[in-house]
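> Shown below is the structure under consideration.
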Amino acid sequence: MSIEKRLFELANKREIGKMGGGEKRIEKQHQKGKYTARERIGMILDRGSFEEFDLFVTHRCTDFNMEKNRPLTDGVITGYGTINGRLVFIFSQDFTIFGGSLSKTYAEKIVKVMDMAAKVGAPIIGLNDSGGARIQEGVDSLAGYADIFLKNVLYSGVIPQISLVLGPCAGGAVYSPAITDFVVMVDKISYMFLTGPKVVKQVTREDVTTDQLGGASIHSTKSGVSHFICKDEEEAFESLKKLISYLPQNNSESPPVIQNNDPIDRIDENLDYVVPENPSKPYDMKEIIETIVDNNIFFEVHAQFAKNLINGFARMNGMPVGIVANQPKVLAGVLDNNSSIKGARFVRFCDAFNIPLIVFEDVPGFMPGTNQEYNGIIKNGAKLLYAFAEATVPKITVIVRKAYGGAYCVMNSKHIRGDINLAWPSAEIAVMGPEGGVEVIYSKEIKESEDKDKTVTELKEKYVELFANPYNAAKRGYIDDVIVPANTRIRLIKALEMLSTKEDFNPSKKHGNIPL
C-alpha cells in the first residue's frame, strides 16, 4: 500500500472516529439541549490545545453479537489540553455510542488518562453523560468501574479532580463523581441516583420523577452532592474555568498568584457599621467578604446547600484563599449537620492543595433539637473540628460578632492551631449568650428578685461587660488583636504574607480516623 493510501486510510479512520455514533445520534443529542462529547471538550479547552489518546480503541466483547458493532473510541474521548494556558487532562463520555455505557476498554481509557494526570501532576476533569454499565459485558463492566474508583481514591488530595455531570449518571457510576473534589450539574439536564424511579416505585412505592429523585436542584440543595448548579452547559464550563483558576496543578505546588490591581491598603469604613447594634439582628456576611477580597470577587462553592455556612474562593493581593464564614442571615449562622459536613469537606480540600484559609466568624452555637442529635450533630460537628485542627495551611480567623460555646472552639480557634486570630470590637466570645448565661449564673438572684424583668436586664448588661466582648479573650492571648473593621483587608494581607513560609506538621501516621 502506498504512503498516500495509508495517509488517506488514517485520515478516514480519524474522521469516522470523530463522528461518534453518527449524524442521527448527534442530532438527537442536540435535540435534548446537550452538546456532544467532542463539542464539550472544544468549549472547555483552549482552541487547538486538545491532544487525544486512544481514538482507535474498540471494545473486546463478543457476546450478544457485539463483535459486529465496534465503533472507534468505544464511547469515551480522552486526552489533554490547556485551560487558559494551564495543563489539564480530560475524559468526555459520548452518549451517542452505546448510550455512553461503560465497557472494560472504556474504563481502561479513563484509568490511563487519570494515571497520566497523576504522573505529570495536573488536574483531571471528567465529563459524565452515560447510561451506566454496559450490560452485555457483565462483571467486566463492573470491574471497570471499580478500577476507576480506585484511581479516584488514590489520587484524591494529589491532583484536583472535577466532575461535570451533563446527562445521566446512575447506579455505580455515581461513585466516581462523588469521590472527586467538585461536582458541577446542569439544571433539568443532569441527574444522579443509585436506583432509578422505576426501582424506587417497585421497592418503596414512591412515585417520583427523574428530576425529583436525583436532579441538579435536589443534589445542590438537599443532598449536597453537587457543588455548583448551572442553568446550561455554557455556564457549567465557565464555572469550571473559574474554579480551575484558583487551584494549583497538584498538591506539591502553590495555588496560582496573579497580578493584583486592588490596593492592599484599601479601607472601607462601611465595615465599621455593617454589624447591627442589636446582637439578634441578622446581616449578610457575604457583604463583608466581598468588601474585603480583591476586586470584590468571591467565587462561592456549595451556594445552595447549607446556606448558614459560606464556602468559597477569593484572592487577597492576588493570592487564592479559601473562605469559610458563618451566615447570620440564615438560621442565625448556627452550625448544624449539613453545614458542618459542608465546611469540613471544603477545609480539607484547601489544606490538601495548599490554599490558605480565612474564617469570618459569627456563630451562636450548634443547632439544638432531636432532629440534629438523631442525625449525628456530635460526629458531624466533630468533622469540622477535625478538619480545622488537622489543616497545616495558613489559617486566619476574624471574629465578627458571636463566638459562643463549642462552636467558638470549632471555627478555627487559637486552641486548634489557628495561626492569627483577630476580632472586631463587636465580637462576643463566651460559653453562651447573655440570655442563657444569666439564667445559669444568676438563677438564685433572679428567683429572689421582686422585679424579675429589671433584674434580668441588669444582669444581662453585667454579663455582656464581663464576657460578651473580645477583650476577655484578648487578655489571655486567645485573640491576637482587636482591629478596626475598616482595616481588615490590610491586616489579613499582611498576615498572609507573614505566614507564606509557615511550616506545620502532623504526627507521623498512615492516616487519621476522621469521624465519618
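So you can find residues: chains in the C-alpha cells are A, B, ... in the order shown, residues in each start at 1, and ligands are numbered from 1 in order.
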Set the distance at 9 Å and use only C-alpha atoms: which residues neighbour segment 219-221 of chain A once local chain neighbours fewer than 3 positions away are removed? I'd like the list as an mmCIF file with N, CA and C atoms, in the first residue's frame.


```
data_model
loop_
_atom_site.group_PDB
_atom_site.id
_atom_site.type_symbol
_atom_site.label_atom_id
_atom_site.label_comp_id
_atom_site.auth_asym_id
_atom_site.auth_seq_id
_atom_site.Cartn_x
_atom_site.Cartn_y
_atom_site.Cartn_z
ATOM 1 N N MET A 185 -23.334 20.388 38.092
ATOM 2 C CA MET A 185 -24.508 19.833 37.425
ATOM 3 C C MET A 185 -25.270 20.935 36.690
ATOM 4 N N TYR A 191 -28.664 14.372 36.043
ATOM 5 C CA TYR A 191 -29.239 13.675 37.196
ATOM 6 C C TYR A 191 -28.331 12.551 37.658
ATOM 7 N N MET A 192 -28.369 12.301 38.952
ATOM 8 C CA MET A 192 -27.568 11.247 39.590
ATOM 9 C C MET A 192 -28.429 10.513 40.602
ATOM 10 N N GLY A 214 -33.142 12.706 41.536
ATOM 11 C CA GLY A 214 -31.708 12.978 41.502
ATOM 12 C C GLY A 214 -31.304 14.104 40.589
ATOM 13 N N GLY A 215 -32.182 15.081 40.390
ATOM 14 C CA GLY A 215 -31.862 16.213 39.527
ATOM 15 C C GLY A 215 -30.852 17.161 40.153
ATOM 16 N N ALA A 216 -30.388 18.083 39.350
ATOM 17 C CA ALA A 216 -29.378 19.034 39.807
ATOM 18 C C ALA A 216 -29.856 19.851 41.004
ATOM 19 N N GLY A 224 -26.435 17.804 48.852
ATOM 20 C CA GLY A 224 -25.101 18.389 48.882
ATOM 21 C C GLY A 224 -24.104 17.691 47.977
ATOM 22 N N VAL A 225 -24.556 16.743 47.163
ATOM 23 C CA VAL A 225 -23.650 16.028 46.255
ATOM 24 C C VAL A 225 -23.045 16.990 45.235
ATOM 25 N N SER A 226 -23.840 17.937 44.751
ATOM 26 C CA SER A 226 -23.381 18.877 43.728
ATOM 27 C C SER A 226 -22.943 20.199 44.351
ATOM 28 N N HIS A 227 -21.779 20.682 43.926
ATOM 29 C CA HIS A 227 -21.254 21.938 44.447
ATOM 30 C C HIS A 227 -21.732 23.145 43.654
ATOM 31 N N PHE A 228 -22.063 22.910 42.389
ATOM 32 C CA PHE A 228 -22.497 24.002 41.512
ATOM 33 C C PHE A 228 -23.698 23.548 40.689
ATOM 34 N N ILE A 229 -24.726 24.378 40.612
ATOM 35 C CA ILE A 229 -25.855 24.135 39.715
ATOM 36 C C ILE A 229 -25.862 25.260 38.685
ATOM 37 N N HIS A 302 -20.853 25.490 46.744
ATOM 38 C CA HIS A 302 -21.973 24.925 47.521
ATOM 39 C C HIS A 302 -22.957 26.026 47.942
ATOM 40 N N ALA A 303 -23.207 26.964 47.050
ATOM 41 C CA ALA A 303 -24.002 28.146 47.399
ATOM 42 C C ALA A 303 -25.428 27.826 47.796
ATOM 43 N N GLN A 304 -26.002 26.738 47.255
ATOM 44 C CA GLN A 304 -27.408 26.419 47.505
ATOM 45 C C GLN A 304 -27.604 25.429 48.644
ATOM 46 N N PHE A 305 -26.529 24.913 49.194
ATOM 47 C CA PHE A 305 -26.604 23.867 50.221
ATOM 48 C C PHE A 305 -26.114 24.407 51.563
ATOM 49 N N ALA A 306 -26.870 24.128 52.629
ATOM 50 C CA ALA A 306 -26.472 24.545 53.985
ATOM 51 C C ALA A 306 -26.039 26.009 53.984
#
```

> As a ChimeraX atom specification, list the residues of segment 15-238 of chain A assigned to strand (DSSP E) by DSSP on the backbone atoms of this structure.

/A:51-53,76-83,86-93,124-128,161-165,168-170,182-186,191-193,228-230

> Which residues come within 10 Å of Phe467 of chain A, counting only C-alpha atoms, excluding same-chain residues fewer than 6 positions away, as a ChimeraX atom specification?

/A:428-434,437,473

> Restricting the output to N, CA and C atoms, write the selected residues as a JSON list (two decimals), in the first residue's frame.


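In the end it all went to out10.json:
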```json
[["chain", "number", "residue", "atom", "x", "y", "z"],
["A", 428, "GLU", "N", -18.28, 38.92, 70.43],
["A", 428, "GLU", "CA", -18.79, 38.42, 71.72],
["A", 428, "GLU", "C", -18.28, 37.00, 71.87],
["A", 429, "ILE", "N", -17.35, 36.77, 72.79],
["A", 429, "ILE", "CA", -16.73, 35.45, 72.96],
["A", 429, "ILE", "C", -17.06, 34.94, 74.35],
["A", 430, "ALA", "N", -17.85, 33.90, 74.40],
["A", 430, "ALA", "CA", -18.29, 33.39, 75.71],
["A", 430, "ALA", "C", -18.78, 31.95, 75.57],
["A", 431, "VAL", "N", -19.01, 31.32, 76.72],
["A", 431, "VAL", "CA", -19.52, 29.94, 76.71],
["A", 431, "VAL", "C", -20.91, 29.89, 76.13],
["A", 432, "MET", "N", -21.71, 30.92, 76.42],
["A", 432, "MET", "CA", -23.05, 31.01, 75.84],
["A", 432, "MET", "C", -23.49, 32.47, 75.83],
["A", 433, "GLY", "N", -24.60, 32.76, 75.14],
["A", 433, "GLY", "CA", -25.11, 34.11, 75.06],
["A", 433, "GLY", "C", -25.63, 34.63, 76.38],
["A", 434, "PRO", "N", -25.89, 35.94, 76.46],
["A", 434, "PRO", "CA", -26.34, 36.56, 77.71],
["A", 434, "PRO", "C", -27.61, 35.93, 78.27],
["A", 437, "GLY", "N", -26.61, 32.53, 79.69],
["A", 437, "GLY", "CA", -25.59, 32.70, 80.72],
["A", 437, "GLY", "C", -26.15, 33.25, 82.01],
["A", 473, "ALA", "N", -10.98, 37.51, 76.00],
["A", 473, "ALA", "CA", -10.16, 36.52, 75.29],
["A", 473, "ALA", "C", -8.82, 37.11, 74.88]]
```

> Write out as a tab-separated table a residue-level contact list of segment 233-304 of chain A versus segment 354-366 of chain A with cut-off 8 Å: for each qualifying residue the closest pair of atoms and the distance in Å to one decimal, counting only C-alpha atoms, rows sorted by chain and residue number upward.


```
residue	atom	partner	partner_atom	distance
A:Leu247	CA	A:Ile355	CA	8.0
A:Pro248	CA	A:Asn354	CA	8.0
A:Asn251	CA	A:Asn354	CA	6.9
A:Glu253	CA	A:Asn354	CA	7.5
A:Ser254	CA	A:Asn354	CA	5.9
A:Pro255	CA	A:Ile355	CA	6.5
```

> List as an MDAnalysis selection string the protein and nucleic acid residues near Ile135 of chain A, meaning an atom at most 12 Å away when only C-alpha atoms are counted, but skip any in the same chain fewer than 3 places from it.

chainID A and resid 61 63:64 66 98:104 131:132 138:142

> Store the residues picked out above in a file with C-alpha atoms, as an mmCIF file, in the first residue's frame.


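In the end it all went to again09.cif:
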```
data_model
loop_
_atom_site.group_PDB
_atom_site.id
_atom_site.type_symbol
_atom_site.label_atom_id
_atom_site.label_comp_id
_atom_site.auth_asym_id
_atom_site.auth_seq_id
_atom_site.Cartn_x
_atom_site.Cartn_y
_atom_site.Cartn_z
ATOM 1 C CA CYS A 61 -16.864 -8.075 23.831
ATOM 2 C CA ASP A 63 -21.279 -11.884 23.471
ATOM 3 C CA PHE A 64 -24.723 -10.897 22.135
ATOM 4 C CA MET A 66 -21.358 -7.250 20.000
ATOM 5 C CA PHE A 98 -23.993 2.767 23.185
ATOM 6 C CA GLY A 99 -25.627 5.488 25.306
ATOM 7 C CA GLY A 100 -22.237 6.261 26.811
ATOM 8 C CA SER A 101 -22.325 2.923 28.625
ATOM 9 C CA LEU A 102 -19.076 1.801 30.213
ATOM 10 C CA SER A 103 -17.144 -1.237 28.996
ATOM 11 C CA LYS A 104 -13.830 -2.646 30.204
ATOM 12 C CA GLY A 131 -26.397 5.247 30.682
ATOM 13 C CA GLY A 132 -24.264 3.293 33.156
ATOM 14 C CA GLY A 138 -21.421 -8.188 32.748
ATOM 15 C CA VAL A 139 -18.832 -8.234 35.506
ATOM 16 C CA ASP A 140 -16.154 -6.789 33.190
ATOM 17 C CA SER A 141 -18.071 -3.528 33.198
ATOM 18 C CA LEU A 142 -18.357 -3.564 36.985
#
```

> Per DSSP on the backbone, what are the alpha helix (DSSP H) residues of segment 271-380 of chain A, as number ranges by chain?

A: 285-292, 337-352, 370-374, 377-380

> What's the 9 Å shell around Ile90 of chain A, counting only C-alpha atoms, without same-chain residues fewer than 2 positions away, as a ChimeraX atom specification?

/A:41,77-81,88,92,110,113-114,117,123-127

> Once you have the residues from the selection above, write them out as an mmCIF file, in the first residue's frame, restricted to N, CA and C atoms.


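Final output, saved to selection.cif:
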```
data_model
loop_
_atom_site.group_PDB
_atom_site.id
_atom_site.type_symbol
_atom_site.label_atom_id
_atom_site.label_comp_id
_atom_site.auth_asym_id
_atom_site.auth_seq_id
_atom_site.Cartn_x
_atom_site.Cartn_y
_atom_site.Cartn_z
ATOM 1 N N ILE A 41 -15.511 19.235 24.919
ATOM 2 C CA ILE A 41 -14.068 19.399 25.077
ATOM 3 C C ILE A 41 -13.607 20.668 24.366
ATOM 4 N N ILE A 77 -14.030 9.864 25.089
ATOM 5 C CA ILE A 77 -12.927 10.595 24.473
ATOM 6 C C ILE A 77 -11.980 11.026 25.588
ATOM 7 N N THR A 78 -10.706 10.747 25.427
ATOM 8 C CA THR A 78 -9.729 11.057 26.474
ATOM 9 C C THR A 78 -8.537 11.799 25.891
ATOM 10 N N GLY A 79 -7.868 12.574 26.729
ATOM 11 C CA GLY A 79 -6.674 13.278 26.280
ATOM 12 C C GLY A 79 -6.306 14.417 27.210
ATOM 13 N N TYR A 80 -5.555 15.367 26.683
ATOM 14 C CA TYR A 80 -5.126 16.513 27.494
ATOM 15 C C TYR A 80 -5.130 17.779 26.648
ATOM 16 N N GLY A 81 -5.081 18.905 27.327
ATOM 17 C CA GLY A 81 -5.064 20.208 26.672
ATOM 18 C C GLY A 81 -4.806 21.269 27.719
ATOM 19 N N VAL A 88 -4.358 20.487 31.658
ATOM 20 C CA VAL A 88 -5.368 19.654 32.311
ATOM 21 C C VAL A 88 -5.558 18.386 31.484
ATOM 22 N N SER A 92 -14.338 12.580 28.292
ATOM 23 C CA SER A 92 -15.696 13.035 27.981
ATOM 24 C C SER A 92 -16.505 11.850 27.462
ATOM 25 N N ILE A 110 -10.127 5.628 30.608
ATOM 26 C CA ILE A 110 -10.239 6.627 31.680
ATOM 27 C C ILE A 110 -9.114 6.460 32.688
ATOM 28 N N VAL A 113 -5.809 7.896 31.352
ATOM 29 C CA VAL A 113 -5.671 9.353 31.382
ATOM 30 C C VAL A 113 -5.562 9.861 32.822
ATOM 31 N N MET A 114 -6.194 9.175 33.774
ATOM 32 C CA MET A 114 -6.045 9.540 35.185
ATOM 33 C C MET A 114 -4.616 9.276 35.656
ATOM 34 N N ALA A 117 -2.398 11.971 34.307
ATOM 35 C CA ALA A 117 -2.598 13.233 35.027
ATOM 36 C C ALA A 117 -1.836 13.227 36.353
ATOM 37 N N PRO A 123 -4.584 18.672 36.927
ATOM 38 C CA PRO A 123 -5.980 18.328 37.244
ATOM 39 C C PRO A 123 -6.580 17.364 36.217
ATOM 40 N N ILE A 124 -7.545 16.561 36.680
ATOM 41 C CA ILE A 124 -8.312 15.675 35.807
ATOM 42 C C ILE A 124 -9.765 16.118 35.834
ATOM 43 N N ILE A 125 -10.330 16.281 34.645
ATOM 44 C CA ILE A 125 -11.723 16.724 34.507
ATOM 45 C C ILE A 125 -12.514 15.610 33.846
ATOM 46 N N GLY A 126 -13.606 15.194 34.465
ATOM 47 C CA GLY A 126 -14.461 14.151 33.912
ATOM 48 C C GLY A 126 -15.804 14.710 33.500
ATOM 49 N N LEU A 127 -16.183 14.499 32.237
ATOM 50 C CA LEU A 127 -17.494 14.925 31.741
ATOM 51 C C LEU A 127 -18.376 13.687 31.659
#
```

> Give one line per residue of segment 391-462 of chain A that approaches segment 318-327 of chain A to at most 10 Å, naming the two atoms of the closest pair and their distance in Å to one decimal, counting only C-alpha atoms; sort by chain then ascending residue number and deliver it as a Markdown table.


```
| residue | atom | partner | partner_atom | distance |
| --- | --- | --- | --- | --- |
| A:Pro394 | CA | A:Val321 | CA | 9.6 |
| A:Lys395 | CA | A:Gly322 | CA | 9.6 |
| A:Ile396 | CA | A:Ile323 | CA | 9.8 |
| A:Thr397 | CA | A:Val324 | CA | 9.3 |
| A:Val398 | CA | A:Ala325 | CA | 9.4 |
| A:Ile399 | CA | A:Ala325 | CA | 9.9 |
| A:Val400 | CA | A:Asn326 | CA | 9.7 |
| A:Lys402 | CA | A:Asn326 | CA | 9.9 |
| A:Met411 | CA | A:Val324 | CA | 8.9 |
| A:Asn412 | CA | A:Val324 | CA | 9.9 |
```

> Based on the selection just made, write N, CA and C atoms of those residues as a tab-separated table (two decimals), in the first residue's frame.


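Written output follows (part-v8.tsv):
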```tsv
chain	number	residue	atom	x	y	z
A	394	PRO	N	-1.76	28.06	56.18
A	394	PRO	CA	-2.03	29.27	56.97
A	394	PRO	C	-3.53	29.40	57.27
A	395	LYS	N	-3.86	29.68	58.53
A	395	LYS	CA	-5.26	29.73	58.96
A	395	LYS	C	-5.48	31.01	59.78
A	396	ILE	N	-6.38	31.85	59.30
A	396	ILE	CA	-6.65	33.12	59.96
A	396	ILE	C	-8.15	33.21	60.26
A	397	THR	N	-8.48	33.64	61.46
A	397	THR	CA	-9.89	33.81	61.85
A	397	THR	C	-10.15	35.26	62.23
A	398	VAL	N	-11.27	35.78	61.76
A	398	VAL	CA	-11.75	37.10	62.18
A	398	VAL	C	-13.11	36.89	62.85
A	399	ILE	N	-13.19	37.15	64.15
A	399	ILE	CA	-14.46	37.03	64.86
A	399	ILE	C	-15.21	38.35	64.68
A	400	VAL	N	-16.28	38.30	63.95
A	400	VAL	CA	-17.05	39.50	63.60
A	400	VAL	C	-18.04	39.85	64.69
A	402	LYS	N	-20.61	36.97	67.14
A	402	LYS	CA	-20.74	35.92	68.16
A	402	LYS	C	-19.75	34.78	67.95
A	411	MET	N	-14.56	26.71	65.12
A	411	MET	CA	-14.33	27.63	63.99
A	411	MET	C	-12.91	28.20	64.00
A	412	ASN	N	-11.94	27.30	63.92
A	412	ASN	CA	-10.53	27.68	63.80
A	412	ASN	C	-10.06	28.59	64.92
```

> Looking at only C-alpha atoms, which of A:Met116, A:Leu384, A:Ile44, A:Ile479 is the one that sits closest to Glu235 of chain A?

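Closest residue, counting only C-alpha atoms: A:Ile44.
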
> Find, counting only C-alpha atoms, the residue in A:Leu7, A:Ile159, A:Val301, A:Leu164 that gets nearest to Asp129 of chain A.

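Selected residue with least distance to Asp129 of chain A: A:Leu164.
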
> Find the residues around Tyr106 of chain A up to 12 Å (only C-alpha atoms counted), leave out those fewer than 6 positions away in its own chain, and share them as a PyMOL selection string.

chain A and resi 53-61+71-78+91-94+97-98+100+112-113+130+132-134+137+140-145+147-148

> As number ranges by chain, please: the residues near segment 308-315 of chain A (cut-off 9 Å, only C-alpha atoms, same-chain neighbours under 4 positions excluded).

A: 243, 246, 257-258, 260, 285-286, 289-290, 293-303, 319-336, 339-340, 342-343, 346-347

> May I have the selected residues written with C-alpha atoms, as a PDB file, in the first residue's frame?


```pdb
ATOM      1  CA  LEU A 243     -12.762  27.078  39.687  1.00  0.00           C
ATOM      2  CA  TYR A 246      -7.952  29.239  41.941  1.00  0.00           C
ATOM      3  CA  VAL A 257      -0.946  34.015  42.176  1.00  0.00           C
ATOM      4  CA  ILE A 258      -1.999  36.710  39.695  1.00  0.00           C
ATOM      5  CA  ASN A 260      -3.298  42.388  41.766  1.00  0.00           C
ATOM      6  CA  MET A 285     -21.814  38.065  55.789  1.00  0.00           C
ATOM      7  CA  LYS A 286     -21.237  37.972  52.021  1.00  0.00           C
ATOM      8  CA  ILE A 289     -16.398  39.079  52.375  1.00  0.00           C
ATOM      9  CA  GLU A 290     -16.938  40.843  49.048  1.00  0.00           C
ATOM     10  CA  VAL A 293     -11.339  40.498  48.966  1.00  0.00           C
ATOM     11  CA  ASP A 294      -9.561  41.563  45.766  1.00  0.00           C
ATOM     12  CA  ASN A 295     -11.839  43.462  43.384  1.00  0.00           C
ATOM     13  CA  ASN A 296     -14.845  42.337  45.474  1.00  0.00           C
ATOM     14  CA  ILE A 297     -14.848  38.975  43.628  1.00  0.00           C
ATOM     15  CA  PHE A 298     -15.970  35.988  45.682  1.00  0.00           C
ATOM     16  CA  PHE A 299     -16.471  32.624  43.964  1.00  0.00           C
ATOM     17  CA  GLU A 300     -18.900  30.710  46.161  1.00  0.00           C
ATOM     18  CA  VAL A 301     -18.905  26.916  46.405  1.00  0.00           C
ATOM     19  CA  HIS A 302     -21.973  24.925  47.521  1.00  0.00           C
ATOM     20  CA  ALA A 303     -24.002  28.146  47.399  1.00  0.00           C
ATOM     21  CA  MET A 319      -3.173  35.017  46.229  1.00  0.00           C
ATOM     22  CA  PRO A 320      -6.003  32.449  46.202  1.00  0.00           C
ATOM     23  CA  VAL A 321      -7.611  31.822  49.601  1.00  0.00           C
ATOM     24  CA  GLY A 322     -10.384  29.575  50.793  1.00  0.00           C
ATOM     25  CA  ILE A 323     -13.061  31.339  52.820  1.00  0.00           C
ATOM     26  CA  VAL A 324     -15.310  29.754  55.440  1.00  0.00           C
ATOM     27  CA  ALA A 325     -17.870  32.005  57.094  1.00  0.00           C
ATOM     28  CA  ASN A 326     -20.978  31.771  59.216  1.00  0.00           C
ATOM     29  CA  GLN A 327     -24.033  33.405  57.643  1.00  0.00           C
ATOM     30  CA  PRO A 328     -26.139  35.246  60.286  1.00  0.00           C
ATOM     31  CA  LYS A 329     -28.813  35.782  57.635  1.00  0.00           C
ATOM     32  CA  VAL A 330     -29.667  32.051  57.617  1.00  0.00           C
ATOM     33  CA  LEU A 331     -30.598  30.235  60.843  1.00  0.00           C
ATOM     34  CA  ALA A 332     -28.681  32.957  62.721  1.00  0.00           C
ATOM     35  CA  GLY A 333     -25.458  31.343  61.443  1.00  0.00           C
ATOM     36  CA  VAL A 334     -25.676  28.267  63.675  1.00  0.00           C
ATOM     37  CA  LEU A 335     -23.715  25.147  62.828  1.00  0.00           C
ATOM     38  CA  ASP A 336     -25.858  22.100  62.059  1.00  0.00           C
ATOM     39  CA  SER A 339     -23.131  22.974  57.371  1.00  0.00           C
ATOM     40  CA  SER A 340     -20.575  21.073  59.455  1.00  0.00           C
ATOM     41  CA  LYS A 342     -20.000  21.123  54.040  1.00  0.00           C
ATOM     42  CA  GLY A 343     -17.356  23.116  55.887  1.00  0.00           C
ATOM     43  CA  PHE A 346     -14.039  22.362  51.926  1.00  0.00           C
ATOM     44  CA  VAL A 347     -11.409  22.889  54.636  1.00  0.00           C
TER      45      VAL A 347
END
```

> Let me make sure I understand: among A:Thr392, A:Gln249, A:Asn65, A:Ser190, which one has the smallest atom-to-atom distance to Ile416 of chain A if we use only C-alpha atoms?

A:Thr392

> For a quick check of understanding, using only C-alpha atoms, which of A:Asn506, A:Gln136, A:Ser426, A:Thr501 has the smallest distance to Ile483 of chain A?

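Answer, going by the shortest atom-to-atom distance: A:Ser426.
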